[in-house]
Amino acid sequence: MNKTALLITISLLWSVAAFAQPQGEIIDRIIGVVGNEIVLQSDLENDLLQQRLQGVDPDGDSRCVSIEGLLFSRLLLHQSRLDSLVVTEQQIQSEIEKRLAYYMQLFGSVEAFEAEYRKSVAQWRDEFREPIEEQLLIQQMQYQLQSRVTATPKQVKEYFDNMPTDSIPLISEQVEYSMIIIEPAPTPQEVAAKRNQADSVRALVADGKMRFNLAASRFSDDPGSKYKGGCYQNISKGAFVPAFEEMVYSTELEQLSPVFETEFGFHFLKPTDKRGQVFSCCHVLFSPTVSDDALVYTEGKIDSIATAIRADSLTFEQAAIRFSTNEDTRNQGGRVANFRVGGMKHGVDELDRNVFLVLDKLEVGEVSEPILIQSPGGNPQYAIYKLDSRLAAHQANLKDDYLLFKQEAEADMQETAVDKWIEKRLRSTFVKLNPDYKDCEFRFMWIKGDS
């Protein structure tokens with residue numbers, strides 16, 4: 001079908017869907033067309049519902065803002081198809097599983113979810129696939145528009161120079177710091193003992209001499225499932241380490257897996273449900289423990305490293321690369337990045353309380369004494385910290401806060417670039433809007449003279 005024929009078809013759909021239904025009996029209707037894409041009344045109502053859930057009471061102006069946002073998203077979607085953008089099946093499925101996991105948490109079980117939606121999880125996935133694909137295409141198109149814009153140092157300076165003095169923000173105290181972490185390792189004897197224990201307990205369960213849930217409650221070292229029969233329900237694929245999930249999907253339902261090893265220790269498991277990208281299973285974990293002797297040894301080792309650094313026989317960066325067991329910082333010489341805003345500076349109000357208390361006592365360049373901490377998984381670790389720099393609270397300036405102003409300048413430039421792109425595309429894109437919204441004051445010319 002050529003474009004003219006398609007637009008005629010859409011116009012006919014518009015007439016039937018939007019205007020042929022009696023007042024008060026509309027279930028859904030088309031309220032806008034952008035290129036080959038449509039905006040439905042239900043899209044608008046869902047957008048307004050989200051505002052209400054966030055505590056905003058939408059008024060007439062809010063409806064107009066929401067409609068313009070929907071028109072913009074359809075313009076992006078229309079252009080993404082013209083540009084032949086694609087999203088992979090893996091991206092689509094990953095996003096579907098994220099949404100499904102949220103709903104499972106909300107409703108508490110697969111059964112409650114299916115009862116609420118009156119359809120199976122598989123049916124829900126099939127129906128949700130197209131909207132998710134469209135949303136990912138919209139995001140990809142918008143990213144392409146914005147990623148083309150980068151601010152040069154000259155543009156950042158111009159942005160800063162044009163800022164009103166009373167708009168320049170106050171920045172709290174900031175620090176840059178590095179750390180070396182060493183996690184004590186269990187002895188080979190302890191590892192072998194745990195492997196043997198895992199084999200023995202699995203044999204008891206396999207022979208019917210011990211129930212699985214009793215084995216979990218008595219022996220498992222996983223506090224998250226130990227007292228739930230070792231079971232996890234409705235887990236989205238990708239939430240657990242790969243070796244664990246590979247064993248789930250390679251083991252038949254209700255059958256015992258062999259004993260296998262992950263970074264957490266030795267396991268055996270029993271899958272209880274597998275629905276595409278969501279699974280349920282029960283497992284028993286045997287984690288080798290770290291002896292008191294290993295802790296003492298690790299404390300002495302990291303203390304010797306700190307002493308060598310203070311004596312200038314080893315730099316902190318060299319020690320981090322050579323000895324640290326923390327993968328996030330080891331390859332950058334121990335320096336700790338601020339992943340929230342980028343760069344290496346951390347506001348002191350953002351720091352973990354224990355890290356702040358250590359850094360607060362250090363002079364710039366000084367290395368701390370060894371500190372006993374816990375990993376995210378709860379394992380004991382020893383750490384030393386070095387304060388790389390300290391910047392007192394101050395009014396933001398270009399020398400100390402260049403990255404902040406670069407981000408703000410680029411955001412401003414990106415908004416301008418997107419505005420120009422919309423204006424350009426609207427000159428060559430078919431747009432039709434329901435007359436009910438002709439009085440809206442839009443930022444862009446969605447309503448043309450002949451609309």
# chains A, B, ... in the order shown; residues from 1 in each chain; ligands from 1

$ residues_around --residues "stretch 29-41 of chain A" --least-positions-apart "4" --cutoff "7 Å" --atoms "only C-alpha atoms" --output "PDB file with N, CA and C atoms, in the first residue's frame"
ATOM      1  N   TRP A  14     -10.001   7.168  11.283  1.00  0.00           N
ATOM      2  CA  TRP A  14     -10.249   8.343  12.123  1.00  0.00           C
ATOM      3  C   TRP A  14     -11.744   8.648  12.178  1.00  0.00           C
ATOM      4  N   ALA A  17     -13.610   5.710  14.021  1.00  0.00           N
ATOM      5  CA  ALA A  17     -13.273   5.517  15.434  1.00  0.00           C
ATOM      6  C   ALA A  17     -13.541   6.737  16.272  1.00  0.00           C
ATOM      7  N   ALA A  18     -13.289   7.916  15.725  1.00  0.00           N
ATOM      8  CA  ALA A  18     -13.349   9.116  16.552  1.00  0.00           C
ATOM      9  C   ALA A  18     -14.712   9.780  16.537  1.00  0.00           C
ATOM     10  N   GLU A  45      -5.468   8.766  28.532  1.00  0.00           N
ATOM     11  CA  GLU A  45      -6.014   8.478  29.865  1.00  0.00           C
ATOM     12  C   GLU A  45      -4.983   7.763  30.730  1.00  0.00           C
ATOM     13  N   LEU A  70       2.557  12.849  23.731  1.00  0.00           N
ATOM     14  CA  LEU A  70       2.197  11.664  22.964  1.00  0.00           C
ATOM     15  C   LEU A  70       2.433  11.879  21.470  1.00  0.00           C
ATOM     16  N   LEU A  71       2.111  13.065  20.976  1.00  0.00           N
ATOM     17  CA  LEU A  71       2.364  13.376  19.571  1.00  0.00           C
ATOM     18  C   LEU A  71       3.861  13.322  19.267  1.00  0.00           C
ATOM     19  N   ARG A  74       5.034   9.747  19.020  1.00  0.00           N
ATOM     20  CA  ARG A  74       4.644   9.117  17.749  1.00  0.00           C
ATOM     21  C   ARG A  74       5.488   9.652  16.585  1.00  0.00           C
ATOM     22  N   LEU A  75       5.905  10.911  16.682  1.00  0.00           N
ATOM     23  CA  LEU A  75       6.794  11.453  15.649  1.00  0.00           C
ATOM     24  C   LEU A  75       8.142  10.732  15.693  1.00  0.00           C
ATOM     25  N   HIS A  78       7.525   7.212  14.275  1.00  0.00           N
ATOM     26  CA  HIS A  78       7.381   7.287  12.819  1.00  0.00           C
ATOM     27  C   HIS A  78       8.756   7.448  12.157  1.00  0.00           C
ATOM     28  N   THR A 429       5.632  16.052   7.586  1.00  0.00           N
ATOM     29  CA  THR A 429       4.965  14.884   8.162  1.00  0.00           C
ATOM     30  C   THR A 429       3.470  15.125   8.297  1.00  0.00           C
ATOM     31  N   PHE A 430       2.683  14.164   7.866  1.00  0.00           N
ATOM     32  CA  PHE A 430       1.221  14.248   8.007  1.00  0.00           C
ATOM     33  C   PHE A 430       0.846  14.214   9.488  1.00  0.00           C
ATOM     34  N   VAL A 431       0.046  15.183   9.929  1.00  0.00           N
ATOM     35  CA  VAL A 431      -0.424  15.227  11.311  1.00  0.00           C
ATOM     36  C   VAL A 431      -1.912  15.549  11.319  1.00  0.00           C
ATOM     37  N   LYS A 432      -2.654  14.803  12.082  1.00  0.00           N
ATOM     38  CA  LYS A 432      -4.092  15.056  12.234  1.00  0.00           C
ATOM     39  C   LYS A 432      -4.427  14.970  13.713  1.00  0.00           C
ATOM     40  N   LEU A 433      -5.203  15.938  14.226  1.00  0.00           N
ATOM     41  CA  LEU A 433      -5.551  15.976  15.638  1.00  0.00           C
ATOM     42  C   LEU A 433      -7.049  16.163  15.797  1.00  0.00           C
ATOM     43  N   ASN A 434      -7.642  15.449  16.708  1.00  0.00           N
ATOM     44  CA  ASN A 434      -9.069  15.558  16.980  1.00  0.00           C
ATOM     45  C   ASN A 434      -9.440  17.010  17.306  1.00  0.00           C
TER      46      ASN A 434
END

$ select_by_dssp --residues "stretch 154-308 of chain A" --states "strand (DSSP E)" --output "PyMOL selection string"
chain A and resi 170-171+174-182+231-236+260-262+265-275+278-286

$ write_last_selection --atoms "N, CA and C atoms" --output "compact mmCIF listing (two decimals), in the first residue's frame"
# COMPACT_ATOMS: atom_id res chain seq x y z
N LEU A 170 25.12 26.29 44.81
CA LEU A 170 26.09 26.06 45.87
C LEU A 170 26.40 24.57 45.91
N ILE A 171 27.68 24.23 46.00
CA ILE A 171 28.12 22.83 45.99
C ILE A 171 28.60 22.47 47.40
N GLN A 174 33.16 18.24 48.71
CA GLN A 174 33.37 17.08 47.85
C GLN A 174 34.74 16.47 48.11
N VAL A 175 34.83 15.17 47.89
CA VAL A 175 36.11 14.47 48.04
C VAL A 175 36.31 13.54 46.86
N GLU A 176 37.57 13.27 46.56
CA GLU A 176 37.96 12.19 45.66
C GLU A 176 38.77 11.22 46.50
N TYR A 177 38.53 9.93 46.33
CA TYR A 177 39.25 8.98 47.17
C TYR A 177 39.49 7.67 46.42
N SER A 178 40.44 6.89 46.94
CA SER A 178 40.78 5.59 46.38
C SER A 178 40.69 4.55 47.49
N MET A 179 40.56 3.30 47.10
CA MET A 179 40.51 2.23 48.11
C MET A 179 41.12 0.96 47.56
N ILE A 180 41.64 0.16 48.48
CA ILE A 180 42.12 -1.18 48.18
C ILE A 180 41.34 -2.12 49.10
N ILE A 181 40.73 -3.13 48.53
CA ILE A 181 39.96 -4.11 49.30
C ILE A 181 40.56 -5.49 49.08
N ILE A 182 40.74 -6.22 50.15
CA ILE A 182 41.19 -7.61 50.06
C ILE A 182 40.19 -8.48 50.82
N CYS A 231 13.64 -22.03 48.57
CA CYS A 231 12.96 -21.71 47.32
C CYS A 231 12.90 -20.22 47.00
N TYR A 232 12.99 -19.92 45.70
CA TYR A 232 12.75 -18.59 45.14
C TYR A 232 11.64 -18.71 44.10
N GLN A 233 10.72 -17.74 44.11
CA GLN A 233 9.58 -17.78 43.20
C GLN A 233 9.66 -16.66 42.17
N ASN A 234 9.32 -17.01 40.92
CA ASN A 234 9.13 -16.03 39.84
C ASN A 234 10.33 -15.09 39.68
N ILE A 235 11.48 -15.68 39.41
CA ILE A 235 12.72 -14.93 39.23
C ILE A 235 12.91 -14.66 37.74
N SER A 236 13.16 -13.41 37.39
CA SER A 236 13.43 -13.07 35.99
C SER A 236 14.84 -13.51 35.61
N PHE A 260 27.09 -28.12 41.83
CA PHE A 260 27.85 -27.22 40.95
C PHE A 260 28.36 -26.04 41.77
N GLU A 261 29.32 -25.31 41.19
CA GLU A 261 29.98 -24.23 41.93
C GLU A 261 29.69 -22.89 41.29
N THR A 262 29.43 -21.88 42.12
CA THR A 262 29.37 -20.48 41.70
C THR A 262 30.30 -19.68 42.62
N GLY A 265 29.67 -20.38 46.32
CA GLY A 265 29.94 -21.66 46.95
C GLY A 265 29.41 -22.80 46.10
N PHE A 266 29.03 -23.90 46.77
CA PHE A 266 28.52 -25.09 46.08
C PHE A 266 27.01 -25.20 46.28
N HIS A 267 26.31 -25.59 45.22
CA HIS A 267 24.85 -25.70 45.28
C HIS A 267 24.41 -27.03 44.68
N PHE A 268 23.21 -27.44 45.03
CA PHE A 268 22.40 -28.28 44.15
C PHE A 268 20.99 -27.69 44.19
N LEU A 269 20.23 -27.89 43.11
CA LEU A 269 18.94 -27.21 43.01
C LEU A 269 17.89 -28.12 42.38
N LYS A 270 16.64 -27.65 42.47
CA LYS A 270 15.50 -28.33 41.87
C LYS A 270 14.59 -27.28 41.24
N PRO A 271 14.51 -27.23 39.90
CA PRO A 271 13.57 -26.27 39.27
C PRO A 271 12.13 -26.69 39.55
N THR A 272 11.28 -25.75 39.91
CA THR A 272 9.86 -26.05 40.17
C THR A 272 8.93 -25.43 39.14
N ASP A 273 9.43 -24.45 38.36
CA ASP A 273 8.60 -23.84 37.32
C ASP A 273 9.51 -23.09 36.36
N LYS A 274 9.22 -23.19 35.08
CA LYS A 274 9.97 -22.44 34.06
C LYS A 274 8.97 -21.95 33.03
N ARG A 275 8.82 -20.62 32.96
CA ARG A 275 7.91 -20.02 31.99
C ARG A 275 8.67 -18.98 31.18
N VAL A 278 11.07 -16.48 33.00
CA VAL A 278 10.82 -16.45 34.45
C VAL A 278 10.88 -17.87 34.98
N PHE A 279 11.52 -18.05 36.12
CA PHE A 279 11.63 -19.39 36.68
C PHE A 279 11.45 -19.35 38.19
N SER A 280 11.13 -20.52 38.75
CA SER A 280 11.10 -20.72 40.19
C SER A 280 11.94 -21.96 40.48
N CYS A 281 12.66 -21.94 41.59
CA CYS A 281 13.48 -23.11 41.93
C CYS A 281 13.79 -23.10 43.42
N CYS A 282 14.25 -24.27 43.91
CA CYS A 282 14.72 -24.39 45.28
C CYS A 282 16.19 -24.84 45.23
N HIS A 283 16.98 -24.36 46.15
CA HIS A 283 18.39 -24.76 46.15
C HIS A 283 18.92 -24.82 47.57
N VAL A 284 20.04 -25.51 47.71
CA VAL A 284 20.77 -25.55 48.98
C VAL A 284 22.19 -25.07 48.68
N LEU A 285 22.66 -24.11 49.47
CA LEU A 285 23.98 -23.50 49.25
C LEU A 285 24.92 -23.88 50.38
N PHE A 286 26.13 -24.26 49.99
CA PHE A 286 27.19 -24.57 50.95
C PHE A 286 28.36 -23.63 50.68

$ residues_around --residues "stretch 89-93 of chain A" --least-positions-apart "2" --cutoff "12 Å" --atoms "only C-alpha atoms" --output "list in words"
Val86, Val87, Glu95, Ile96, Glu97, Lys98, Arg99, Leu100, Arg125, Asp126, Phe128, Arg129, Glu130, Pro131, Ile132, Glu133, Glu134, Gln135, Leu136, Leu137, Gln140, Ser236, Lys237, Gly238, Gly276, Gln277 and Val278 of chain A

$ atom_distance --atom1 "atom CA of A:Gly208" --atom2 "atom CA of A:Val191"
26.3 Å

$ select_by_dssp --residues "stretch 152-333 of chain A" --states "helix (DSSP H, G or I)" --output "ChimeraX atom specification"
/A:153-161,165-167,188-206,212-219,226-228,242-250,292-310,316-323,327-330

$ atom_distance --atom1 "atom CA of A:Ala239" --atom2 "atom CA of A:Tyr102"
12.9 Å

$ residues_around --residues "A:His394" --least-positions-apart "2" --cutoff "12 Å" --atoms "only C-alpha atoms" --output "MDAnalysis selection string"
chainID A and resid 168:174 347 390:392 396:401

$ atom_distance --atom1 "atom CA of A:Tyr117" --atom2 "atom CA of A:Asn46"
16.3 Å

$ closest_atom_pairs --of "stretch 140-225 of chain A" --to "stretch 287-290 of chain A" --cutoff "9 Å" --atoms "only C-alpha atoms" --output "CSV"
residue,atom,partner,partner_atom,distance
A:Pro184,CA,A:Val290,CA,6.7
A:Ala185,CA,A:Val290,CA,6.3
A:Pro186,CA,A:Val290,CA,4.7
A:Thr187,CA,A:Val290,CA,7.5
A:Glu190,CA,A:Pro288,CA,5.9
A:Val191,CA,A:Pro288,CA,5.4
A:Ala192,CA,A:Pro288,CA,8.6
A:Ala193,CA,A:Pro288,CA,8.1
A:Lys194,CA,A:Pro288,CA,5.9
A:Arg195,CA,A:Pro288,CA,8.6
A:Ser220,CA,A:Ser287,CA,8.3
A:Asp221,CA,A:Ser287,CA,6.1
A:Asp222,CA,A:Ser287,CA,8.4

$ write_last_selection --atoms "N, CA and C atoms" --output "JSON list (two decimals), in the first residue's frame"
[["chain", "number", "residue", "atom", "x", "y", "z"],
["A", 184, "PRO", "N", 39.39, -12.02, 52.38],
["A", 184, "PRO", "CA", 40.08, -13.24, 52.79],
["A", 184, "PRO", "C", 39.52, -14.46, 52.05],
["A", 185, "ALA", "N", 40.39, -15.37, 51.70],
["A", 185, "ALA", "CA", 39.97, -16.58, 50.98],
["A", 185, "ALA", "C", 39.92, -17.76, 51.94],
["A", 186, "PRO", "N", 38.92, -18.63, 51.79],
["A", 186, "PRO", "CA", 38.90, -19.86, 52.61],
["A", 186, "PRO", "C", 40.05, -20.77, 52.22],
["A", 187, "THR", "N", 40.46, -21.61, 53.14],
["A", 187, "THR", "CA", 41.56, -22.53, 52.86],
["A", 187, "THR", "C", 41.10, -23.64, 51.90],
["A", 190, "GLU", "N", 38.93, -26.14, 53.67],
["A", 190, "GLU", "CA", 37.55, -25.74, 53.92],
["A", 190, "GLU", "C", 36.71, -25.87, 52.65],
["A", 191, "VAL", "N", 37.30, -25.51, 51.50],
["A", 191, "VAL", "CA", 36.59, -25.65, 50.22],
["A", 191, "VAL", "C", 36.25, -27.11, 49.96],
["A", 192, "ALA", "N", 37.22, -28.00, 50.17],
["A", 192, "ALA", "CA", 37.00, -29.43, 49.94],
["A", 192, "ALA", "C", 35.94, -29.98, 50.89],
["A", 193, "ALA", "N", 35.95, -29.51, 52.15],
["A", 193, "ALA", "CA", 34.98, -30.00, 53.13],
["A", 193, "ALA", "C", 33.56, -29.59, 52.74],
["A", 194, "LYS", "N", 33.40, -28.37, 52.23],
["A", 194, "LYS", "CA", 32.07, -27.92, 51.82],
["A", 194, "LYS", "C", 31.59, -28.68, 50.59],
["A", 195, "ARG", "N", 32.48, -28.97, 49.65],
["A", 195, "ARG", "CA", 32.10, -29.75, 48.48],
["A", 195, "ARG", "C", 31.63, -31.15, 48.89],
["A", 220, "SER", "N", 21.57, -25.01, 54.47],
["A", 220, "SER", "CA", 21.85, -23.95, 53.48],
["A", 220, "SER", "C", 22.47, -22.72, 54.13],
["A", 221, "ASP", "N", 23.43, -22.13, 53.41],
["A", 221, "ASP", "CA", 24.07, -20.89, 53.85],
["A", 221, "ASP", "C", 23.49, -19.67, 53.14],
["A", 222, "ASP", "N", 22.34, -19.82, 52.49],
["A", 222, "ASP", "CA", 21.66, -18.70, 51.82],
["A", 222, "ASP", "C", 20.56, -18.17, 52.72]]

$ closest_residue --among "A:Leu53, A:Val149, A:Gly230, A:Gly365" --to "A:Arg218" --atoms "only C-alpha atoms"
A:Gly230

$ residues_around --residues "A:Gln332" --least-positions-apart "3" --cutoff "9 Å" --atoms "only C-alpha atoms" --output "PyMOL selection string"
chain A and resi 317+320-321+328-329+335-336

$ closest_residue --among "A:Lys420, A:Arg118, A:Arg52, A:Lys345" --to "A:Arg443" --atoms "only C-alpha atoms"
A:Lys420

$ closest_residue --among "A:Asp43, A:Asn379, A:Ala112, A:Ile447" --to "A:Phe264" --atoms "only C-alpha atoms"
A:Asn379

$ closest_residue --among "A:Val341, A:Val65, A:Val367, A:Ala122" --to "A:Phe316" --atoms "only C-alpha atoms"
A:Val367
